[in-house]
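> Enclosed is the structure file work20.cif (mmCIF, C-alpha atoms).
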data_coords
#
loop_
_atom_site.label_atom_id
_atom_site.label_comp_id
_atom_site.auth_asym_id
_atom_site.auth_seq_id
_atom_site.Cartn_x
_atom_site.Cartn_y
_atom_site.Cartn_z
CA MET A 1 68.01 92.74 45.65
CA LEU A 2 71.09 94.03 43.91
CA LYS A 3 72.00 96.31 46.85
CA THR A 4 71.80 93.46 49.37
CA HIS A 5 73.86 91.18 47.19
CA THR A 6 76.47 93.91 46.61
CA ALA A 7 76.72 94.67 50.34
CA SER A 8 77.19 90.97 51.13
CA ALA A 9 79.87 90.65 48.48
CA LEU A 10 81.63 93.76 49.79
CA ALA A 11 81.54 92.43 53.37
CA ALA A 12 82.91 89.06 52.26
CA GLY A 13 85.63 90.81 50.28
CA LEU A 14 86.66 92.92 53.27
CA LEU A 15 86.76 89.87 55.54
CA SER A 16 88.94 88.02 53.05
CA LEU A 17 91.43 90.90 53.25
CA ILE A 18 91.34 91.38 57.03
CA LEU A 19 91.42 87.76 58.25
CA PRO A 20 94.78 86.88 56.65
CA LEU A 21 96.32 89.97 58.27
CA ALA A 22 95.07 88.84 61.68
CA ALA A 23 96.62 85.43 61.11
CA PHE A 24 100.05 87.04 60.65
CA ALA A 25 99.80 89.32 63.70
CA SER A 26 102.64 88.55 66.08
CA ASP A 27 101.99 87.36 69.60
CA PRO A 28 103.59 89.27 72.48
CA PRO A 29 107.16 87.90 72.96
CA SER A 30 106.91 87.63 76.76
CA VAL A 31 109.55 85.49 78.45
CA TRP A 32 110.82 84.77 81.97
CA GLU A 33 114.24 83.18 82.56
CA ASN A 34 116.36 82.24 85.55
CA GLN A 35 119.95 82.28 84.26
CA SER A 36 122.61 80.59 86.37
CA ALA A 37 125.59 82.80 87.30
CA CYS A 38 128.98 82.31 88.98
CA GLY A 39 129.13 78.53 88.67
CA GLY A 40 125.57 78.02 89.88
CA LYS A 41 125.88 80.08 93.06
CA TYR A 42 123.44 82.77 91.94
CA SER A 43 120.46 83.09 89.64
CA ALA A 44 119.72 86.15 87.52
CA LYS A 45 115.93 86.48 87.36
CA LEU A 46 115.07 88.17 84.06
CA LYS A 47 111.47 88.84 83.05
CA LEU A 48 110.02 90.57 79.96
CA ASP A 49 106.25 90.95 79.78
CA PHE A 50 104.55 92.37 76.68
CA GLY A 51 100.83 93.08 76.39
CA GLN A 52 98.24 94.73 74.20
CA SER A 53 94.73 96.09 74.15
CA GLY A 54 92.72 97.12 71.13
CA THR A 55 94.66 100.36 70.64
CA THR A 56 97.78 100.14 72.82
CA ALA A 57 100.82 97.93 73.36
CA SER A 58 103.01 97.77 76.46
CA ALA A 59 106.21 96.23 77.81
CA HIS A 60 107.53 95.60 81.32
CA ALA A 61 111.09 94.47 82.17
CA GLU A 62 112.47 93.13 85.49
CA ALA A 63 115.99 92.17 86.60
CA SER A 64 117.23 90.83 89.95
CA LEU A 65 119.85 88.52 91.47
CA VAL A 66 119.09 85.82 94.05
CA ARG A 67 120.79 82.78 95.53
CA HIS A 68 120.46 79.92 93.04
CA PRO A 69 117.58 77.69 94.24
CA PHE A 70 119.66 74.51 93.81
CA ALA A 71 122.95 75.81 95.29
CA HIS A 72 124.23 73.67 98.17
CA GLY A 73 126.19 74.67 101.23
CA SER A 74 127.29 78.08 102.37
CA ILE A 75 127.12 80.53 99.48
CA PRO A 76 128.61 83.98 100.06
CA PHE A 77 126.64 87.05 99.08
CA PRO A 78 127.86 88.58 95.83
CA SER A 79 130.34 91.35 96.61
CA TYR A 80 128.77 93.60 93.96
CA PHE A 81 126.25 93.48 91.13
CA VAL A 82 124.25 95.81 88.91
CA ALA A 83 120.71 95.03 87.77
CA GLU A 84 119.24 97.09 84.92
CA SER A 85 115.90 97.10 83.10
CA THR A 86 115.07 99.05 79.94
CA VAL A 87 111.97 99.46 77.78
CA MET A 88 112.21 101.38 74.50
CA ARG A 89 109.28 102.31 72.29
CA ARG A 90 108.43 104.11 69.05
CA ASN A 91 105.66 104.28 66.46
CA ALA A 92 104.90 106.09 63.20
CA VAL A 93 103.63 109.21 65.00
CA ASN A 94 106.73 109.33 67.27
CA PRO A 95 109.51 107.62 65.25
CA ASN A 96 112.33 108.53 67.67
CA TRP A 97 113.05 106.01 70.41
CA THR A 98 111.75 106.86 73.89
CA SER A 99 113.18 104.82 76.73
CA ASP A 100 112.62 104.07 80.40
CA THR A 101 115.76 102.72 82.11
CA HIS A 102 116.31 101.93 85.78
CA SER A 103 119.32 100.35 87.48
CA SER A 104 120.45 99.41 90.95
CA GLU A 105 123.93 98.76 92.36
CA VAL A 106 124.03 96.30 95.26
CA TYR A 107 126.98 95.55 97.56
CA GLY A 108 127.20 92.37 99.67
CA ALA A 109 123.57 91.31 99.34
CA TYR A 110 120.93 89.93 97.00
CA SER A 111 118.13 91.91 95.36
CA THR A 112 115.42 93.03 97.76
CA ALA A 113 113.11 93.79 94.82
CA PRO A 114 113.50 93.56 91.04
CA VAL A 115 114.58 96.62 89.08
CA THR A 116 111.70 97.45 86.72
CA ALA A 117 111.05 99.53 83.59
CA ASN A 118 107.79 100.12 81.71
CA GLY A 119 106.54 101.55 78.43
CA MET A 120 103.24 101.90 76.59
CA LEU A 121 102.25 103.38 73.23
CA PHE A 122 99.43 103.51 70.70
CA LYS A 123 99.61 100.79 68.05
CA ASP A 124 100.12 101.75 64.41
CA ALA A 125 102.06 100.45 61.41
CA GLY A 126 105.38 101.69 62.87
CA CYS A 127 104.82 100.35 66.38
CA GLU A 128 107.91 98.76 67.97
CA LEU A 129 108.78 97.83 71.56
CA VAL A 130 112.12 96.59 72.91
CA ALA A 131 112.55 95.28 76.47
CA SER A 132 115.81 94.27 78.10
CA ALA A 133 116.86 92.98 81.53
CA ILE A 134 120.55 92.73 82.50
CA VAL A 135 122.47 91.57 85.57
CA ASN A 136 126.25 92.08 85.80
CA VAL A 137 127.70 90.29 88.85
CA HIS A 138 131.16 90.13 90.45
CA CYS A 139 131.64 86.43 91.28
CA PRO A 140 133.41 85.14 94.43
CA ASP A 141 136.33 83.88 92.27
CA GLY A 142 136.97 87.45 91.02
CA SER A 143 135.47 87.00 87.55
CA TRP A 144 132.53 88.98 86.13
CA GLU A 145 129.44 87.53 84.49
CA THR A 146 126.75 89.32 82.53
CA LYS A 147 123.31 87.79 82.07
CA GLN A 148 120.97 89.45 79.59
CA LEU A 149 117.54 88.91 78.08
CA THR A 150 116.23 91.13 75.25
CA ARG A 151 113.16 90.91 73.03
CA ASN A 152 111.96 93.14 70.19
CA TRP A 153 108.29 93.30 69.22
CA VAL A 154 107.95 94.82 65.76
CA GLY A 155 104.36 95.64 64.79
CA CYS A 156 103.01 95.25 68.34
CA GLY A 157 100.52 92.60 67.27
CA LEU A 158 99.16 94.41 64.21
#
Turn the structure described in the file into structure tokens.

Amino acid sequence: MLKTHTASALAAGLLSLILPLAAFASDPPSVWENQSACGGKYSAKLKLDFGQSGTTASAHAEASLVRHPFAHGSIPFPSYFVAESTVMRRNAVNPNWTSDTHSSEVYGAYSTAPVTANGMLFKDAGCELVASAIVNVHCPDGSWETKQLTRNWVGCGL
């Protein structure tokens, strides 16, 4: 009887230690924004998608420029813009940052497809993911606007 009681007490003790840690685990900081650019003529579509499985964590970033959905009248194409997506990752086993960065320069048109970047790693105590999406556009009035979205996921849900 003593062994059964001790095993039950040990199991209850372990659960009391593990459950509070699960309550503090961070949710993936996924976000999707349409940021108005050049006085509402264009929209920078910026998307950051974080995910996890039991042992891994991942991030996906997208950046593109489109005509603003509520713009009225004749809107000229942007003369030039750059869209860039970056995902950086590290963990305790590999503490140096590893990154995946992609960019696209576009002249006189909108994005035909978003620029994407991806990263995945095994979760551990040092797990960290950073995702960023940036659009830098030359507006019809000659000014420049930069639209950016960045999220950092420390702990990767642990």
> Return as number ranges by chain the set of residues that the PyMOL selection byres ((chain A and resi 76) around 9) yields on the displayed structure.
A: 41, 74-75, 77-79, 108-109, 140
> Taking (112.3, 99.1, 81.3) as a centre in this file's frame and 6 Å as the limit, can you find every polymer residue with an atom that close, using only C-alpha atoms, and give them as JSON, numbers by chain?
{"A": [60, 61, 85, 86, 87, 100, 101, 116, 117, 118]}
> Which polymer residues have any atom within 10 Å of an atom of Ser26 of chain A, counting all atoms listed in the file, with same-chain residues fewer than 4 positions away left out, as a compact mmCIF listing (two decimals) with C-alpha atoms, in the coordinates of the input?

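Once everything was written out, this is out01.txt:
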# COMPACT_ATOMS: atom_id res chain seq x y z
CA ALA A 22 95.07 88.84 61.68
CA TRP A 153 108.29 93.30 69.22
CA VAL A 154 107.95 94.82 65.76
CA GLY A 155 104.36 95.64 64.79
CA CYS A 156 103.01 95.25 68.34
CA GLY A 157 100.52 92.60 67.27
CA LEU A 158 99.16 94.41 64.21
> Which neighbours of Ala71 of chain A fall inside 12 Å, counting only C-alpha atoms, when residues of the same chain fewer than 3 positions from it are skipped, and could you give them as a list in words?
Ser36, Ala37, Cys38, Gly39, Gly40, Lys41, Tyr42, Ser43, Val66, Arg67, His68, Ser74, Ile75 and Pro76 of chain A
> For Phe81 of chain A, please output as an MDAnalysis selection string all residues within 8 Å (counting all atoms listed in the file; exclusion window: fewer than 2 positions along the same chain).
chainID A and resid 78:79 83 105:107 135:138
> Just C-alpha atoms for this one: save the residues we selected as a PDB file, in the frame of the given file.

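After the write, again13.pdb holds the following:
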ATOM      1  CA  PRO A  78     127.860  88.580  95.830  1.00  0.00           C
ATOM      2  CA  SER A  79     130.340  91.350  96.610  1.00  0.00           C
ATOM      3  CA  ALA A  83     120.710  95.030  87.770  1.00  0.00           C
ATOM      4  CA  GLU A 105     123.930  98.760  92.360  1.00  0.00           C
ATOM      5  CA  VAL A 106     124.030  96.300  95.260  1.00  0.00           C
ATOM      6  CA  TYR A 107     126.980  95.550  97.560  1.00  0.00           C
ATOM      7  CA  VAL A 135     122.470  91.570  85.570  1.00  0.00           C
ATOM      8  CA  ASN A 136     126.250  92.080  85.800  1.00  0.00           C
ATOM      9  CA  VAL A 137     127.700  90.290  88.850  1.00  0.00           C
ATOM     10  CA  HIS A 138     131.160  90.130  90.450  1.00  0.00           C
TER      11      HIS A 138
END
> I would like the residues chosen by the PyMOL selection byres ((chain A and resi 111) around 6) on the shown file; could you give them as a ChimeraX atom specification?
/A:64-65,110,112-113
> To one decimal place, how far is atom CA of Thr98 of chain A from atom CA of Trp32 of chain A in Å?
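Answer for the atom CA of Thr98 of chain A to atom CA of Trp32 of chain A separation: 23.5 Å.
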> Determine, counting only C-alpha atoms, which protein, DNA and RNA residues have an atom within 12 Å of an atom of Thr55 of chain A; residues of the same chain fewer than 4 positions away are not included. Present the result as a list in words.
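My reading of the contact set: Gly51, Met120, Leu121, Phe122, Lys123, Asp124, Ala125, Cys127, Cys156, Gly157 and Leu158 of chain A.
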> Find the residue from A:Ala131, A:Leu149, A:Val115, A:Val31 that sits nearest to Val82 of chain A; use all atoms listed in the file when measuring.
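Nearest to Val82 of chain A: A:Val115.
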> To test your reading of the syntax: which residues would the PyMOL selection byres ((chain A and resi 150) around 9) return for the file shown? Reply as a ChimeraX atom specification.
/A:48,130-134,148-149,151-152
> I need the residue nearest Glu84 of chain A from this list: A:Ser58, A:Pro28, A:Ala44, A:Gln52. Use only C-alpha atoms for the distance.
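Checking each candidate against Glu84 of chain A, we get A:Ala44 as the closest.
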> Using all atoms listed in the file, can you tell me which of A:Arg90, A:Ser30, A:Pro69, A:Tyr80 comes closest to Trp144 of chain A?
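For Trp144 of chain A, the nearest of the given residues is A:Tyr80.
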> Interatomic distance between atom CA of Gln35 of chain A and atom CA of Ser103 of chain A?
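Value for the atom CA of Gln35 of chain A-atom CA of Ser103 of chain A distance: 18.4 Å.
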> Taking all atoms listed in the file into account, name the residue in A:Gly54, A:Gly119, A:Gly142, A:Pro29 that is nearest to Met88 of chain A.
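Smallest distance to Met88 of chain A is found for A:Gly119.
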> Figure out the distance between atom CA of Lys147 of chain A and atom CA of Glu128 of chain A, please, to one decimal in Å.
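Between atom CA of Glu128 of chain A and atom CA of Lys147 of chain A the gap works out to 23.6 Å.
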> Please, can segment 100-121 of chain A be completed to N, CA and C atoms and returned as a PDB file, in the frame of the given file?

ATOM      1  N   ASP A 100     112.744 104.050  78.949  1.00  0.00           N
ATOM      2  CA  ASP A 100     112.620 104.070  80.400  1.00  0.00           C
ATOM      3  C   ASP A 100     113.654 103.083  80.914  1.00  0.00           C
ATOM      4  N   THR A 101     114.683 103.574  81.617  1.00  0.00           N
ATOM      5  CA  THR A 101     115.760 102.720  82.110  1.00  0.00           C
ATOM      6  C   THR A 101     115.944 102.957  83.606  1.00  0.00           C
ATOM      7  N   HIS A 102     116.053 101.857  84.344  1.00  0.00           N
ATOM      8  CA  HIS A 102     116.310 101.930  85.780  1.00  0.00           C
ATOM      9  C   HIS A 102     117.391 100.911  86.121  1.00  0.00           C
ATOM     10  N   SER A 103     118.275 101.279  87.052  1.00  0.00           N
ATOM     11  CA  SER A 103     119.320 100.350  87.480  1.00  0.00           C
ATOM     12  C   SER A 103     119.537 100.474  88.977  1.00  0.00           C
ATOM     13  N   SER A 104     120.162  99.448  89.523  1.00  0.00           N
ATOM     14  CA  SER A 104     120.450  99.410  90.950  1.00  0.00           C
ATOM     15  C   SER A 104     121.792  98.734  91.164  1.00  0.00           C
ATOM     16  N   GLU A 105     122.655  99.355  91.970  1.00  0.00           N
ATOM     17  CA  GLU A 105     123.930  98.760  92.360  1.00  0.00           C
ATOM     18  C   GLU A 105     123.762  98.196  93.769  1.00  0.00           C
ATOM     19  N   VAL A 106     124.194  96.955  93.957  1.00  0.00           N
ATOM     20  CA  VAL A 106     124.030  96.300  95.260  1.00  0.00           C
ATOM     21  C   VAL A 106     125.381  95.764  95.709  1.00  0.00           C
ATOM     22  N   TYR A 107     125.729  96.011  96.972  1.00  0.00           N
ATOM     23  CA  TYR A 107     126.980  95.550  97.560  1.00  0.00           C
ATOM     24  C   TYR A 107     126.682  94.543  98.672  1.00  0.00           C
ATOM     25  N   GLY A 108     127.276  93.347  98.597  1.00  0.00           N
ATOM     26  CA  GLY A 108     127.200  92.370  99.670  1.00  0.00           C
ATOM     27  C   GLY A 108     125.816  91.885 100.040  1.00  0.00           C
ATOM     28  N   ALA A 109     124.935  91.770  99.070  1.00  0.00           N
ATOM     29  CA  ALA A 109     123.570  91.310  99.340  1.00  0.00           C
ATOM     30  C   ALA A 109     122.937  90.823  98.042  1.00  0.00           C
ATOM     31  N   TYR A 110     121.729  90.288  98.166  1.00  0.00           N
ATOM     32  CA  TYR A 110     120.930  89.930  97.000  1.00  0.00           C
ATOM     33  C   TYR A 110     119.919  91.050  96.748  1.00  0.00           C
ATOM     34  N   SER A 111     119.175  90.936  95.668  1.00  0.00           N
ATOM     35  CA  SER A 111     118.130  91.910  95.360  1.00  0.00           C
ATOM     36  C   SER A 111     117.037  91.841  96.418  1.00  0.00           C
ATOM     37  N   THR A 112     116.577  93.002  96.856  1.00  0.00           N
ATOM     38  CA  THR A 112     115.420  93.030  97.760  1.00  0.00           C
ATOM     39  C   THR A 112     114.137  93.142  96.951  1.00  0.00           C
ATOM     40  N   ALA A 113     114.239  93.684  95.745  1.00  0.00           N
ATOM     41  CA  ALA A 113     113.110  93.790  94.820  1.00  0.00           C
ATOM     42  C   ALA A 113     113.685  93.903  93.409  1.00  0.00           C
ATOM     43  N   PRO A 114     112.974  93.436  92.403  1.00  0.00           N
ATOM     44  CA  PRO A 114     113.500  93.560  91.040  1.00  0.00           C
ATOM     45  C   PRO A 114     113.551  95.023  90.591  1.00  0.00           C
ATOM     46  N   VAL A 115     114.505  95.316  89.726  1.00  0.00           N
ATOM     47  CA  VAL A 115     114.580  96.620  89.080  1.00  0.00           C
ATOM     48  C   VAL A 115     113.636  96.564  87.884  1.00  0.00           C
ATOM     49  N   THR A 116     112.726  97.530  87.756  1.00  0.00           N
ATOM     50  CA  THR A 116     111.700  97.450  86.720  1.00  0.00           C
ATOM     51  C   THR A 116     111.723  98.673  85.798  1.00  0.00           C
ATOM     52  N   ALA A 117     111.252  98.465  84.577  1.00  0.00           N
ATOM     53  CA  ALA A 117     111.050  99.530  83.590  1.00  0.00           C
ATOM     54  C   ALA A 117     109.757  99.226  82.845  1.00  0.00           C
ATOM     55  N   ASN A 118     109.079 100.278  82.382  1.00  0.00           N
ATOM     56  CA  ASN A 118     107.790 100.120  81.710  1.00  0.00           C
ATOM     57  C   ASN A 118     107.673 101.063  80.523  1.00  0.00           C
ATOM     58  N   GLY A 119     106.843 100.677  79.563  1.00  0.00           N
ATOM     59  CA  GLY A 119     106.540 101.550  78.430  1.00  0.00           C
ATOM     60  C   GLY A 119     105.238 101.146  77.787  1.00  0.00           C
ATOM     61  N   MET A 120     104.506 102.153  77.279  1.00  0.00           N
ATOM     62  CA  MET A 120     103.240 101.900  76.590  1.00  0.00           C
ATOM     63  C   MET A 120     103.133 102.897  75.442  1.00  0.00           C
ATOM     64  N   LEU A 121     102.464 102.492  74.353  1.00  0.00           N
ATOM     65  CA  LEU A 121     102.250 103.380  73.230  1.00  0.00           C
ATOM     66  C   LEU A 121     101.023 102.948  72.450  1.00  0.00           C
TER      67      LEU A 121
END
